[in-house]
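**Q** Quick one: the structure is below, questions incoming.
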Amino acid sequence: MSFNEWESGTITLPTAAVPGLRQALNAAIKDHRALVVAEVDAVWNTVKARPIDKRAAEIPDSVAFLVSYDDDVHEHRRADAMSLAQDIVRSSGGRKPTTAAISRVIPVPNTRTREWKESELGLKLDGRTLTWNVPERNHACDLAATTHLQQAALRYLNTVTWTRGTGGVIVGNDEENREDTSHGGGGNHVLRRFGPAGR
């Protein structure tokens with residue numbers, strides 16, 4: 001069933017957990033970036049033999065295959081990477097995309113990186129506070145759940161030794177729930193809890 005959904009929240013980390021989270025998120029984005037680079041090469045190889053002025057027209061407007069929301073997580077990741085790759089090659093003006101062109105879309109993360117994005121999920125680390133955001137869109141949470149980024153973030157957050165005053169919640173809602181007219185129905189609900197602050 002198709003419906004709009006979203007989720008967001010803030011989580012306060014223990015100071016000792018911040019470097020490990022950044023490292024986990026950077027590794028996830030590097031994995032995602034490697035997949036996009038491989039798809040850029042694949043898209044480029046399909047159009048490079050065409051005359052330069054016809055290459056952009058040879059690239060489809062969207063991913064060439066549709067993935068059911070029940071399919072393999074790797075297919076979702078590949079579909080997202082292919083869509084980004086098509087945009088990158090198309091915007092290169094008929095030339096092979098440079099590393100700099102790819103980096104404008106997916107920067108190489110480093111020890112100072114504070115923001116990460118993959119598919120529908122955006123994460124921001126400000127000091128010890130992690131902000132989690134999946135904007136409302138059709139199947140947004142389903143798509144975010146397939147990302148390297150969300151899986152790495154949850155895997156790491158589930159290993160943190162939480163201290164007093166740390167943690168938080170991620171809340172969400174969807175159009176189906178909002179239509180619930182029963183007593184107490186329709187409100188935002190907690191999707192995930194972390195640490196003492198999430199209890």
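Every chain in the structure tokens takes a letter, A first, then B, and so on in the order presented; its residues are numbered from 1, and the ligands are numbered from 1 following the presented order.
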Which polymer residues have any atom within 10 Å of an atom of A:Gly9, counting only C-alpha atoms, with same-chain residues fewer than 4 positions away left out, as a list in words?
**A**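 So the residues in contact are Leu123, Leu130, Thr131, Trp132, Asn133, Val134, Gly168, Val169, Ile170, Val171, Gly172, Val190, Leu191, Arg192 and Arg193 of chain A.
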**Q** Would you list the contacts of A:Trp6 as number ranges by chain, taking every protein, DNA or RNA residue within 8 Å and counting only C-alpha atoms, but skipping same-chain residues closer than 5 positions in sequence?
**A** A: 133-137, 140-141, 172-174
**Q** Excluding same-chain residues fewer than 6 positions from A:Ile88, what lies within 9 Å of it counting only C-alpha atoms, as a PDB file with all heavy atoms, in the first residue's frame?
**A**
ATOM      1  N   VAL A  40      27.914   5.123 -11.827  1.00  0.00           N
ATOM      2  CA  VAL A  40      28.328   6.187 -12.759  1.00  0.00           C
ATOM      3  C   VAL A  40      29.130   5.565 -13.898  1.00  0.00           C
ATOM      4  O   VAL A  40      28.907   5.871 -15.082  1.00  0.00           O
ATOM      5  CB  VAL A  40      29.149   7.285 -12.033  1.00  0.00           C
ATOM      6  CG1 VAL A  40      29.884   8.170 -13.034  1.00  0.00           C
ATOM      7  CG2 VAL A  40      28.248   8.138 -11.151  1.00  0.00           C
ATOM      8  N   PRO A  97      31.923  12.086 -16.027  1.00  0.00           N
ATOM      9  CA  PRO A  97      31.944  12.833 -14.766  1.00  0.00           C
ATOM     10  C   PRO A  97      33.301  12.706 -14.060  1.00  0.00           C
ATOM     11  O   PRO A  97      33.876  11.624 -14.006  1.00  0.00           O
ATOM     12  CB  PRO A  97      30.841  12.192 -13.932  1.00  0.00           C
ATOM     13  CG  PRO A  97      29.957  11.512 -14.916  1.00  0.00           C
ATOM     14  CD  PRO A  97      30.854  11.083 -16.032  1.00  0.00           C
ATOM     15  N   ALA A 101      32.997  16.201  -9.684  1.00  0.00           N
ATOM     16  CA  ALA A 101      31.560  16.255  -9.967  1.00  0.00           C
ATOM     17  C   ALA A 101      30.800  15.277  -9.088  1.00  0.00           C
ATOM     18  O   ALA A 101      29.726  15.584  -8.568  1.00  0.00           O
ATOM     19  CB  ALA A 101      31.301  15.960 -11.437  1.00  0.00           C
ATOM     20  N   ILE A 102      31.368  14.096  -8.889  1.00  0.00           N
ATOM     21  CA  ILE A 102      30.734  13.107  -8.021  1.00  0.00           C
ATOM     22  C   ILE A 102      30.758  13.599  -6.573  1.00  0.00           C
ATOM     23  O   ILE A 102      29.774  13.472  -5.842  1.00  0.00           O
ATOM     24  CB  ILE A 102      31.430  11.740  -8.161  1.00  0.00           C
ATOM     25  CG1 ILE A 102      31.231  11.201  -9.584  1.00  0.00           C
ATOM     26  CG2 ILE A 102      30.902  10.751  -7.136  1.00  0.00           C
ATOM     27  CD1 ILE A 102      32.091  10.014  -9.940  1.00  0.00           C
ATOM     28  N   VAL A 105      28.000  15.870  -5.349  1.00  0.00           N
ATOM     29  CA  VAL A 105      26.745  15.193  -5.018  1.00  0.00           C
ATOM     30  C   VAL A 105      26.894  14.365  -3.741  1.00  0.00           C
ATOM     31  O   VAL A 105      26.031  14.382  -2.873  1.00  0.00           O
ATOM     32  CB  VAL A 105      26.289  14.307  -6.199  1.00  0.00           C
ATOM     33  CG1 VAL A 105      25.026  13.539  -5.848  1.00  0.00           C
ATOM     34  CG2 VAL A 105      26.073  15.154  -7.447  1.00  0.00           C
TER      35      VAL A 105
END
**Q** For the atom pair atom CA of A:Thr146 and atom CA of A:Asp126, what is the interatomic distance in Å to one decimal place?
**A**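 Atom CA of A:Asp126 lies 24.5 Å from atom CA of A:Thr146.
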**Q** So that I can see what lies close to stretch 17-29 of chain A, please list as a short mmCIF file (atom, residue, chain, number, x, y, z; two decimals) with all heavy atoms, in the first residue's frame the residues with an atom at most 8 Å from it, counting only C-alpha atoms and leaving out residues fewer than 6 positions away in the same chain.
**A**
data_model
loop_
_atom_site.label_atom_id
_atom_site.label_comp_id
_atom_site.auth_asym_id
_atom_site.auth_seq_id
_atom_site.Cartn_x
_atom_site.Cartn_y
_atom_site.Cartn_z
N VAL A 108 33.18 13.15 0.00
CA VAL A 108 33.91 12.13 0.75
C VAL A 108 33.92 12.57 2.21
O VAL A 108 34.39 13.66 2.53
CB VAL A 108 35.35 11.97 0.22
CG1 VAL A 108 36.13 10.96 1.05
CG2 VAL A 108 35.35 11.59 -1.25
N PRO A 109 33.40 11.75 3.12
CA PRO A 109 33.34 12.16 4.52
C PRO A 109 34.72 12.12 5.19
O PRO A 109 35.61 11.40 4.73
CB PRO A 109 32.40 11.13 5.16
CG PRO A 109 32.51 9.92 4.28
CD PRO A 109 32.81 10.42 2.90
N ASN A 110 34.87 12.92 6.24
CA ASN A 110 36.13 12.94 6.99
C ASN A 110 35.83 13.16 8.47
O ASN A 110 34.67 13.14 8.88
CB ASN A 110 37.07 14.02 6.43
CG ASN A 110 36.46 15.40 6.47
OD1 ASN A 110 35.91 15.82 7.49
ND2 ASN A 110 36.52 16.12 5.36
N THR A 111 36.86 13.38 9.26
CA THR A 111 36.68 13.50 10.72
C THR A 111 35.95 14.77 11.13
O THR A 111 35.57 14.91 12.29
CB THR A 111 38.04 13.45 11.44
OG1 THR A 111 38.88 14.49 10.92
CG2 THR A 111 38.70 12.10 11.26
N THR A 113 33.21 15.83 9.26
CA THR A 113 31.87 15.73 8.67
C THR A 113 30.82 15.77 9.78
O THR A 113 30.94 15.10 10.79
CB THR A 113 31.74 14.44 7.84
OG1 THR A 113 32.73 14.46 6.80
CG2 THR A 113 30.35 14.32 7.22
N ARG A 114 29.80 16.62 9.56
CA ARG A 114 28.73 16.77 10.54
C ARG A 114 27.37 16.39 9.98
O ARG A 114 26.40 16.28 10.72
CB ARG A 114 28.68 18.23 11.01
CG ARG A 114 29.92 18.65 11.78
CD ARG A 114 29.86 20.11 12.21
NE ARG A 114 28.60 20.40 12.87
CZ ARG A 114 27.92 21.52 12.72
NH1 ARG A 114 28.38 22.47 11.93
NH2 ARG A 114 26.80 21.73 13.35
N TRP A 116 25.21 13.86 7.03
CA TRP A 116 25.23 12.72 6.14
C TRP A 116 23.84 12.57 5.53
O TRP A 116 22.85 12.80 6.20
CB TRP A 116 25.57 11.44 6.91
CG TRP A 116 26.90 11.47 7.60
CD1 TRP A 116 28.08 10.99 7.13
CD2 TRP A 116 27.19 12.01 8.89
NE1 TRP A 116 29.08 11.20 8.05
CE2 TRP A 116 28.55 11.82 9.15
CE3 TRP A 116 26.41 12.65 9.87
CZ2 TRP A 116 29.17 12.24 10.32
CZ3 TRP A 116 27.02 13.08 11.03
CH2 TRP A 116 28.39 12.86 11.25
N LYS A 117 23.80 12.16 4.26
CA LYS A 117 22.51 11.94 3.59
C LYS A 117 22.63 10.75 2.67
O LYS A 117 23.61 10.61 1.95
CB LYS A 117 22.09 13.18 2.80
CG LYS A 117 20.78 12.98 2.07
CD LYS A 117 20.09 14.26 1.80
CE LYS A 117 18.75 14.12 1.11
NZ LYS A 117 18.01 12.92 1.24
N GLU A 118 21.62 9.90 2.73
CA GLU A 118 21.50 8.80 1.78
C GLU A 118 20.01 8.56 1.57
O GLU A 118 19.26 8.39 2.52
CB GLU A 118 22.17 7.53 2.30
CG GLU A 118 22.11 6.39 1.30
CD GLU A 118 22.71 5.09 1.80
OE1 GLU A 118 23.34 5.07 2.88
OE2 GLU A 118 22.52 4.08 1.11
N ARG A 128 27.15 16.80 20.75
CA ARG A 128 26.73 15.45 21.16
C ARG A 128 25.32 15.12 20.69
O ARG A 128 24.80 14.05 21.00
CB ARG A 128 26.78 15.33 22.69
CG ARG A 128 28.15 15.47 23.28
CD ARG A 128 28.17 15.20 24.78
NE ARG A 128 27.11 15.86 25.52
CZ ARG A 128 26.35 15.26 26.45
NH1 ARG A 128 26.54 14.00 26.77
NH2 ARG A 128 25.42 15.93 27.09
N HIS A 148 22.51 2.19 3.74
CA HIS A 148 23.71 1.89 4.52
C HIS A 148 23.70 2.76 5.78
O HIS A 148 24.05 2.31 6.86
CB HIS A 148 24.98 2.25 3.73
CG HIS A 148 25.20 1.46 2.49
ND1 HIS A 148 24.77 1.88 1.26
CD2 HIS A 148 25.85 0.29 2.29
CE1 HIS A 148 25.14 1.00 0.34
NE2 HIS A 148 25.79 0.02 0.94
N LEU A 149 23.30 4.03 5.60
CA LEU A 149 23.37 5.03 6.66
C LEU A 149 22.49 4.66 7.85
O LEU A 149 22.95 4.66 9.00
CB LEU A 149 22.98 6.40 6.10
CG LEU A 149 23.23 7.61 6.97
CD1 LEU A 149 24.71 7.72 7.34
CD2 LEU A 149 22.77 8.87 6.26
N ALA A 152 23.77 1.48 9.63
CA ALA A 152 24.99 1.73 10.41
C ALA A 152 24.67 2.52 11.67
O ALA A 152 25.20 2.24 12.75
CB ALA A 152 26.01 2.47 9.56
N ALA A 153 23.80 3.54 11.54
CA ALA A 153 23.45 4.37 12.69
C ALA A 153 22.77 3.52 13.78
O ALA A 153 23.13 3.60 14.96
CB ALA A 153 22.54 5.52 12.27
N TYR A 156 25.15 1.09 15.48
CA TYR A 156 26.03 1.75 16.44
C TYR A 156 25.25 2.19 17.69
O TYR A 156 25.69 1.96 18.82
CB TYR A 156 26.73 2.95 15.81
CG TYR A 156 27.72 3.57 16.76
CD1 TYR A 156 28.97 3.00 16.94
CD2 TYR A 156 27.37 4.67 17.54
CE1 TYR A 156 29.87 3.53 17.86
CE2 TYR A 156 28.26 5.20 18.46
CZ TYR A 156 29.51 4.64 18.61
OH TYR A 156 30.38 5.14 19.52
N LEU A 157 24.11 2.84 17.49
CA LEU A 157 23.33 3.34 18.63
C LEU A 157 22.90 2.22 19.57
O LEU A 157 22.79 2.42 20.77
CB LEU A 157 22.11 4.12 18.14
CG LEU A 157 22.41 5.45 17.45
CD1 LEU A 157 21.15 6.03 16.82
CD2 LEU A 157 23.06 6.44 18.40
N VAL A 160 25.77 1.56 22.16
CA VAL A 160 26.24 2.65 23.04
C VAL A 160 25.94 2.31 24.50
O VAL A 160 24.87 1.79 24.83
CB VAL A 160 25.56 3.98 22.64
CG1 VAL A 160 25.78 5.06 23.69
CG2 VAL A 160 26.07 4.44 21.28
#
**Q** Quick check for you: according to DSSP on this backbone, which residues of stretch 4-174 of chain A are classed as helix (DSSP H, G or I)? Reply as a compact mmCIF listing (two decimals) with N, CA and C atoms, in the first residue's frame.
**A**
# COMPACT_ATOMS: atom_id res chain seq x y z
N THR A 15 29.55 11.69 25.57
CA THR A 15 30.70 12.27 24.88
C THR A 15 31.59 11.20 24.26
N ALA A 16 31.82 10.12 24.97
CA ALA A 16 32.70 9.06 24.48
C ALA A 16 32.16 8.36 23.24
N ALA A 17 30.87 8.46 22.98
CA ALA A 17 30.27 7.75 21.85
C ALA A 17 30.31 8.55 20.54
N VAL A 18 30.62 9.84 20.61
CA VAL A 18 30.56 10.69 19.42
C VAL A 18 31.55 10.26 18.34
N PRO A 19 32.85 10.07 18.64
CA PRO A 19 33.78 9.69 17.58
C PRO A 19 33.41 8.37 16.90
N GLY A 20 32.95 7.40 17.66
CA GLY A 20 32.56 6.12 17.08
C GLY A 20 31.37 6.24 16.15
N LEU A 21 30.40 7.09 16.51
CA LEU A 21 29.25 7.30 15.64
C LEU A 21 29.69 7.95 14.34
N ARG A 22 30.51 8.99 14.43
CA ARG A 22 30.99 9.65 13.21
C ARG A 22 31.72 8.65 12.31
N GLN A 23 32.55 7.81 12.91
CA GLN A 23 33.29 6.81 12.14
C GLN A 23 32.33 5.83 11.45
N ALA A 24 31.30 5.38 12.17
CA ALA A 24 30.32 4.45 11.59
C ALA A 24 29.55 5.09 10.44
N LEU A 25 29.15 6.35 10.62
CA LEU A 25 28.39 7.04 9.56
C LEU A 25 29.27 7.32 8.35
N ASN A 26 30.53 7.71 8.59
CA ASN A 26 31.46 7.93 7.48
C ASN A 26 31.66 6.65 6.68
N ALA A 27 31.82 5.53 7.36
CA ALA A 27 32.02 4.25 6.67
C ALA A 27 30.79 3.90 5.83
N ALA A 28 29.60 4.17 6.36
CA ALA A 28 28.37 3.89 5.62
C ALA A 28 28.28 4.73 4.35
N ILE A 29 28.63 6.00 4.46
CA ILE A 29 28.58 6.87 3.27
C ILE A 29 29.66 6.48 2.26
N LYS A 30 30.80 6.04 2.73
CA LYS A 30 31.83 5.56 1.80
C LYS A 30 31.34 4.35 1.03
N ASP A 31 30.62 3.45 1.70
CA ASP A 31 30.04 2.29 1.01
C ASP A 31 29.01 2.74 -0.03
N HIS A 32 28.16 3.67 0.36
CA HIS A 32 27.15 4.20 -0.56
C HIS A 32 27.81 4.89 -1.75
N ARG A 33 28.83 5.69 -1.46
CA ARG A 33 29.55 6.42 -2.52
C ARG A 33 30.20 5.45 -3.50
N ALA A 34 30.79 4.37 -3.00
CA ALA A 34 31.41 3.38 -3.88
C ALA A 34 30.38 2.76 -4.83
N LEU A 35 29.18 2.52 -4.32
CA LEU A 35 28.11 1.98 -5.14
C LEU A 35 27.69 2.99 -6.22
N VAL A 36 27.60 4.26 -5.85
CA VAL A 36 27.25 5.31 -6.83
C VAL A 36 28.34 5.42 -7.90
N VAL A 37 29.60 5.41 -7.50
CA VAL A 37 30.71 5.50 -8.47
C VAL A 37 30.65 4.34 -9.45
N ALA A 38 30.38 3.14 -8.96
CA ALA A 38 30.26 1.98 -9.85
C ALA A 38 29.11 2.17 -10.83
N GLU A 39 28.00 2.73 -10.38
CA GLU A 39 26.86 2.98 -11.27
C GLU A 39 27.15 4.11 -12.26
N VAL A 40 27.91 5.12 -11.83
CA VAL A 40 28.33 6.19 -12.76
C VAL A 40 29.13 5.56 -13.90
N ASP A 41 30.06 4.69 -13.56
CA ASP A 41 30.87 4.02 -14.59
C ASP A 41 29.99 3.21 -15.54
N ALA A 42 28.99 2.51 -14.98
CA ALA A 42 28.09 1.69 -15.81
C ALA A 42 27.26 2.57 -16.74
N VAL A 43 26.72 3.68 -16.22
CA VAL A 43 25.93 4.58 -17.06
C VAL A 43 26.81 5.21 -18.13
N TRP A 44 28.01 5.64 -17.75
CA TRP A 44 28.94 6.25 -18.70
C TRP A 44 29.27 5.26 -19.83
N ASN A 45 29.52 4.00 -19.48
CA ASN A 45 29.87 3.00 -20.49
C ASN A 45 28.74 2.76 -21.48
N THR A 46 27.48 3.00 -21.07
CA THR A 46 26.37 2.80 -22.00
C THR A 46 26.19 3.98 -22.96
N VAL A 47 26.71 5.16 -22.63
CA VAL A 47 26.47 6.33 -23.48
C VAL A 47 27.72 6.89 -24.14
N ILE A 52 28.70 13.36 -28.50
CA ILE A 52 28.64 14.09 -27.22
C ILE A 52 27.32 14.82 -27.02
N ASP A 53 26.74 15.36 -28.09
CA ASP A 53 25.49 16.13 -27.95
C ASP A 53 24.27 15.23 -27.78
N LYS A 54 24.42 13.93 -27.95
CA LYS A 54 23.29 13.02 -27.81
C LYS A 54 23.37 12.17 -26.54
N ARG A 55 24.46 12.25 -25.81
CA ARG A 55 24.65 11.38 -24.65
C ARG A 55 23.61 11.60 -23.55
N ALA A 56 23.35 12.85 -23.21
CA ALA A 56 22.40 13.13 -22.12
C ALA A 56 21.02 12.58 -22.45
N ALA A 57 20.63 12.65 -23.72
CA ALA A 57 19.31 12.16 -24.13
C ALA A 57 19.22 10.64 -24.04
N GLU A 58 20.36 9.95 -24.05
CA GLU A 58 20.38 8.49 -23.97
C GLU A 58 20.18 7.97 -22.55
N VAL A 73 17.10 -5.56 0.15
CA VAL A 73 17.65 -4.26 0.51
C VAL A 73 18.73 -3.83 -0.48
N HIS A 74 19.49 -4.78 -1.01
CA HIS A 74 20.56 -4.45 -1.95
C HIS A 74 20.00 -3.90 -3.26
N GLU A 75 18.82 -4.36 -3.66
CA GLU A 75 18.18 -3.82 -4.86
C GLU A 75 17.73 -2.38 -4.64
N HIS A 76 17.24 -2.08 -3.45
CA HIS A 76 16.87 -0.69 -3.14
C HIS A 76 18.10 0.21 -3.21
N ARG A 77 19.18 -0.25 -2.60
CA ARG A 77 20.42 0.55 -2.61
C ARG A 77 20.91 0.77 -4.03
N ARG A 78 20.85 -0.28 -4.84
CA ARG A 78 21.32 -0.16 -6.22
C ARG A 78 20.42 0.80 -7.01
N ALA A 79 19.12 0.72 -6.79
CA ALA A 79 18.19 1.61 -7.49
C ALA A 79 18.47 3.06 -7.13
N ASP A 80 18.71 3.34 -5.85
CA ASP A 80 19.03 4.70 -5.41
C ASP A 80 20.35 5.16 -6.01
N ALA A 81 21.36 4.28 -6.01
CA ALA A 81 22.67 4.63 -6.57
C ALA A 81 22.58 4.87 -8.07
N MET A 82 21.78 4.06 -8.75
CA MET A 82 21.64 4.22 -10.20
C MET A 82 20.96 5.55 -10.53
N SER A 83 19.95 5.90 -9.75
CA SER A 83 19.26 7.18 -9.98
C SER A 83 20.23 8.36 -9.81
N LEU A 84 21.04 8.33 -8.75
CA LEU A 84 22.03 9.38 -8.55
C LEU A 84 23.06 9.39 -9.68
N ALA A 85 23.51 8.21 -10.09
CA ALA A 85 24.50 8.09 -11.16
C ALA A 85 23.96 8.68 -12.46
N GLN A 86 22.70 8.39 -12.77
CA GLN A 86 22.10 8.93 -13.99
C GLN A 86 22.09 10.46 -13.94
N ASP A 87 21.74 11.03 -12.77
CA ASP A 87 21.73 12.49 -12.62
C ASP A 87 23.14 13.06 -12.78
N ILE A 88 24.14 12.40 -12.20
CA ILE A 88 25.51 12.88 -12.27
C ILE A 88 26.02 12.86 -13.71
N VAL A 89 25.79 11.76 -14.42
CA VAL A 89 26.27 11.67 -15.81
C VAL A 89 25.51 12.66 -16.68
N ARG A 90 24.21 12.79 -16.48
CA ARG A 90 23.41 13.73 -17.27
C ARG A 90 23.90 15.17 -17.08
N THR A 99 35.85 13.14 -10.66
CA THR A 99 35.73 12.84 -9.23
C THR A 99 35.13 14.03 -8.50
N ALA A 100 35.52 15.24 -8.91
CA ALA A 100 34.98 16.46 -8.29
C ALA A 100 33.47 16.57 -8.50
N ALA A 101 33.00 16.20 -9.68
CA ALA A 101 31.56 16.26 -9.97
C ALA A 101 30.80 15.28 -9.09
N ILE A 102 31.37 14.10 -8.89
CA ILE A 102 30.73 13.11 -8.02
C ILE A 102 30.76 13.60 -6.57
N SER A 103 31.87 14.22 -6.17
CA SER A 103 32.01 14.71 -4.79
C SER A 103 31.06 15.85 -4.47
N ARG A 104 30.63 16.59 -5.49
CA ARG A 104 29.65 17.65 -5.23
C ARG A 104 28.30 17.05 -4.83
N VAL A 105 28.00 15.87 -5.35
CA VAL A 105 26.75 15.19 -5.02
C VAL A 105 26.89 14.37 -3.74
N ALA A 140 8.80 7.02 2.35
CA ALA A 140 10.08 7.60 2.77
C ALA A 140 10.78 6.76 3.83
N CYS A 141 10.05 6.29 4.83
CA CYS A 141 10.66 5.49 5.90
C CYS A 141 11.09 4.13 5.41
N ASP A 142 10.31 3.55 4.49
CA ASP A 142 10.70 2.27 3.90
C ASP A 142 12.03 2.41 3.16
N LEU A 143 12.16 3.50 2.39
CA LEU A 143 13.39 3.72 1.64
C LEU A 143 14.56 4.02 2.57
N ALA A 144 14.33 4.83 3.60
CA ALA A 144 15.39 5.15 4.56
C ALA A 144 15.90 3.88 5.25
N ALA A 145 15.00 2.96 5.52
CA ALA A 145 15.38 1.73 6.23
C ALA A 145 16.32 0.85 5.44
N HIS A 148 22.51 2.19 3.74
CA HIS A 148 23.71 1.89 4.52
C HIS A 148 23.70 2.76 5.78
N LEU A 149 23.30 4.03 5.60
CA LEU A 149 23.37 5.03 6.66
C LEU A 149 22.49 4.66 7.85
N GLN A 150 21.22 4.35 7.61
CA GLN A 150 20.34 4.02 8.73
C GLN A 150 20.79 2.74 9.41
N GLN A 151 21.15 1.76 8.65
CA GLN A 151 21.55 0.49 9.26
C GLN A 151 22.82 0.67 10.11
N ALA A 152 23.77 1.48 9.63
CA ALA A 152 24.99 1.73 10.41
C ALA A 152 24.67 2.52 11.67
N ALA A 153 23.80 3.54 11.54
CA ALA A 153 23.45 4.37 12.69
C ALA A 153 22.77 3.52 13.78
N LEU A 154 21.80 2.73 13.39
CA LEU A 154 21.08 1.91 14.38
C LEU A 154 21.99 0.85 15.00
N ARG A 155 22.82 0.25 14.18
CA ARG A 155 23.75 -0.76 14.70
C ARG A 155 24.65 -0.13 15.77
N TYR A 156 25.15 1.09 15.48
CA TYR A 156 26.03 1.75 16.44
C TYR A 156 25.25 2.19 17.69
N LEU A 157 24.11 2.84 17.49
CA LEU A 157 23.33 3.34 18.63
C LEU A 157 22.90 2.22 19.57
